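The structure under discussion appears below in the form of structure tokens.
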Protein chains: 2
Amino acid sequence: MNTLLKNILHNSKQCDILVEGNKFKTIAAANTIASVDAKVVDCSGLAILPPFYNAHCHAAMTLLRGFADDMPLFKWLSEYIWPTEAKLDDELIYAGSRLAILEMIKSGTVFFSDMYWRRTNTIRAAKEMGVRATVGVTIAENLDSLTHVEENFEFLKNHKEYESDLVKIAAMPHAIYTCGAKLYERCAQVAQDEGLVLHTHLAETAQEVSDCYAKYGKSPVALMADVGALGKNFVAAHCVHIDENDMRLLAESGSTAVHNPMSNLKLASGIFPMAGAIKSGMKIALGTDGASSNNNLDMHEEMKIAAVLAKVNDPEVLPAEMALQMATRNAALAYGFDAGEIAEGRLADCLLIDMNNERLVPNYHLISNWVYSADSRCIRHVMCNGKFVMENGRVEGEEDILAHANSVVKRLV
Amino acid sequence: MNTLLKNILHNSKQCDILVEGNKFKTIAAANTIASVDAKVVDCSGLAILPPFYNAHCHAAMTLLRGFADDMPLFKWLSEYIWPTEAKLDDELIYAGSRLAILEMIKSGTVFFSDMYWRRTNTIRAAKEMGVRATVGVTIAENLDSLTHVEENFEFLKNHKEYESDLVKIAAMPHAIYTCGAKLYERCAQVAQDEGLVLHTHLAETAQEVSDCYAKYGKSPVALMADVGALGKNFVAAHCVHIDENDMRLLAESGSTAVHNPMSNLKLASGIFPMAGAIKSGMKIALGTDGASSNNNLDMHEEMKIAAVLAKVNDPEVLPAEMALQMATRNAALAYGFDAGEIAEGRLADCLLIDMNNERLVPNYHLISNWVYSADSRCIRHVMCNGKFVMENGRVEGEEDILAHANSVVKRLV
């Protein structure tokens, strides 16, 4: 099924946009695309923008949203998060993943990178709901009640069985405090052999960095260089505590860092060194982290807070256009799909936003309004891979997803 | 007209709430309020929360939303903001104030403190739209094309002429770099004589503080103490650069500081010292500042970012309940009205929020979900002073307000 978006605002001009299959086929001036075999959508009063791609998430943790807040990290993990996570079974992970995807679609996100457990349930949820996902095989030797290292490597070798056009598998060693250097080497090797993304938590806290120096005599990023992890397929979440040499290593290898500003602030991890990171030329994407440390999955919030946090030191370092790119195309490129830009030939992912929302008035600069003023209420329709996953604010099956989540959490608490 | 809110979630219990005139008269268990002469509103699936009170704003600057971003403060002011502001006439201020109030209502705010020019237009807009406002008489000797000091003091003495139940007048000397100590003394005196709030920008930037030391040999807060400004009616916007002695002076005098985190980050002013401020016992409210430095008027964003910014240094210093209080009741008390709490006898201001919004699921702790996860899409109805100003997401006259704003800005640029 093709779709013709009639009379839509794109780059300050009224356009017609033809979506053929899963791609933007033609972008032309309004009323210049001759009649085609396509569903015609009247987009008067709407503008088209790229949707968000969430480069670091733990989707099923939406079930722990608001469960424990306002306490130090270790107490939060050991007394609340870990004991509760141990109770998560297949049904809970499926319900939590669906709730997360619903929330992401409603706030304009059509891709997430997921690091969690019982991954087949998240894969199922993503496939059913029509969004893109890179679902991780989470690997950790110190959390062995939850992971089974050999089974995980088996799964990675059979990744094609589980994948689809939209859903991919990645190797996700959890962190340097739960995986040794040898295990990272093995993960890097399998990722290279199988053409997979390699994703990990890295340099999230000052403690992690000082422990790494104590154990290995080098920084977490330098350790990643040693084990052969760095490269175009390497995506490191957080990178809050990195120095100039780390930035150079990440930049030269074509690796991507994922900035998760809300989570880093809320968990007292620190503030990502945006100015230096941009100057180094390293690739930067944005993520929400899990809903238990945020407590939502709203990429728009991350984009705005990333932009203003950077400005407190230098108002010119991260303009709106660059913040938008971090929240959209940079993550697509890191995870290996050609989207995040409204352009002919790109994958047809987009948001149609309501230019009559008061937060977009007046409209001097749409991107500025979008980054600094909008919120999820501005989003009317969401398209992923040529298909609408939200129309007029509604996602198919949303009542059922909410009822299921509300019902299963009774087993958690 | 009285209103009976039937079967509404309040403090984790299903309740009936009777609003009589402009106050919460009775809060009782669901289905226990006998039939009364009231409009009955079925609130199943909704929770009641206090609305936001915006303690520092320049409402009509919504007309400059997105007009100039991502540049240093002085260039922003001198090349973009000031030349454009000089063109603002009565109609533009009225249109901008209405747009601001519309945006505030839609995001759950029913009071704003406004410091701007041509104030009668803002007073008119607030009265027409049924919200609370404290509208400032902005006083500055160095901006004399815009202000006329003697006329302003005349206006302050006649404040009752312009006031209503919901709209009050305040003395607002602009800042210590536009008003001398003598002028502050005079403002403090008239505020005391007339029973008015005294509101000013204070200690917003490091430059302002070092200039103040150079000129007066003391900090901006200490200067305020000298001119007799401090006291229960004193509300100081920003206070980013204050030391322990400043905090003690503010706390002991019962003054209120207004934290505007988005604007302070975006304009590179710095970060409010929340931990020390809380420890000192000083009163703290939240504000959005103007839409040209934010770029919206969404108090929910300010509340969340205030909470997580404080946590980056100490995850326990500002729990969700306290952040909510800063965004609600603290501003009401600073500006002298008894609201911001859903309790019998308080003014009937409230939000009715949709418990079926995915961002409020699961519901372990509603206040945590509200502060850390929600956005404006969760708000179904907004009540101010016993009357609905938004019902089912709609504000009366909103199309006209947007059309008017879009039309008048053509004269600006």
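Letters for chains follow the order of the structure tokens (A, B, ...), residue numbers begin at 1 for each chain, and ligand numbers begin at 1 in the order shown.
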
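In plain terms, chain A touches chain B through Gly66, Phe67, Asp70, Met71, Pro72, Leu265, Lys266, Ala268, Gly270, Asn295, Asn296, Val308, Leu309, Lys311, Val312, Asn313, Pro315, Glu316, Pro319, Pro362, Tyr364, His365, Ser368, Asn369, Tyr372, Ser373, Arg377 and Asn406 of chain A, where touching means an atom at most 6 Å away, counting only C-alpha atoms.
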
Next on the checklist: Please return, as JSON, numbers by chain, all residues of segment 81-262 of chain B that DSSP assigns to strand (DSSP E) on the basis of the backbone.
Outcome noted: {"B": [109, 110, 111, 112, 113, 114, 132, 133, 134, 135, 136, 137, 138, 139, 167, 168, 169, 170, 171, 172, 173, 198, 199, 200, 201, 202, 234, 235, 236, 237, 238, 256, 257, 258, 259]}

Restricting it to C-alpha atoms, dump the selection as an mmCIF file, in the first residue's frame.
data_model
loop_
_atom_site.group_PDB
_atom_site.id
_atom_site.type_symbol
_atom_site.label_atom_id
_atom_site.label_comp_id
_atom_site.auth_asym_id
_atom_site.auth_seq_id
_atom_site.Cartn_x
_atom_site.Cartn_y
_atom_site.Cartn_z
ATOM 1 C CA THR B 109 -1.029 26.414 34.893
ATOM 2 C CA VAL B 110 -3.692 28.773 36.267
ATOM 3 C CA PHE B 111 -1.560 31.565 37.726
ATOM 4 C CA PHE B 112 1.343 33.575 36.399
ATOM 5 C CA SER B 113 3.419 36.425 37.713
ATOM 6 C CA ASP B 114 4.076 38.756 34.815
ATOM 7 C CA ARG B 132 -5.119 34.190 38.282
ATOM 8 C CA ALA B 133 -2.312 36.654 37.638
ATOM 9 C CA THR B 134 -0.088 39.071 39.461
ATOM 10 C CA VAL B 135 0.709 41.647 36.808
ATOM 11 C CA GLY B 136 3.718 43.797 37.396
ATOM 12 C CA VAL B 137 4.308 47.476 37.093
ATOM 13 C CA THR B 138 7.782 47.119 35.632
ATOM 14 C CA ILE B 139 10.098 49.843 36.823
ATOM 15 C CA VAL B 167 -5.816 39.594 39.142
ATOM 16 C CA LYS B 168 -3.484 41.582 41.386
ATOM 17 C CA ILE B 169 -0.866 44.271 40.771
ATOM 18 C CA ALA B 170 2.725 44.129 42.019
ATOM 19 C CA ALA B 171 5.711 46.475 42.079
ATOM 20 C CA MET B 172 8.395 45.015 39.832
ATOM 21 C CA PRO B 173 11.704 46.876 39.703
ATOM 22 C CA LEU B 198 7.633 43.204 45.311
ATOM 23 C CA HIS B 199 9.178 41.153 42.500
ATOM 24 C CA THR B 200 12.537 41.574 40.765
ATOM 25 C CA HIS B 201 15.224 39.750 38.826
ATOM 26 C CA LEU B 202 18.103 39.011 41.209
ATOM 27 C CA PHE B 234 9.485 39.843 48.326
ATOM 28 C CA VAL B 235 9.834 37.420 45.411
ATOM 29 C CA ALA B 236 13.207 37.246 43.656
ATOM 30 C CA ALA B 237 13.528 35.599 40.248
ATOM 31 C CA HIS B 238 16.563 33.395 39.533
ATOM 32 C CA THR B 256 10.784 33.619 48.149
ATOM 33 C CA ALA B 257 13.274 32.750 45.397
ATOM 34 C CA VAL B 258 11.969 31.643 41.997
ATOM 35 C CA HIS B 259 14.008 28.939 40.269
#

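Remark: for Ile176 of chain B, the closest of the candidate residues B:Tyr216, B:Trp82, B:Phe337, B:Tyr162 is B:Tyr216 (distances computed over only C-alpha atoms).
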
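Nearest to Tyr184 of chain B of all the residues B:Thr205, B:Cys239, B:Met224, B:Tyr213 is B:Met224, counting only C-alpha atoms.
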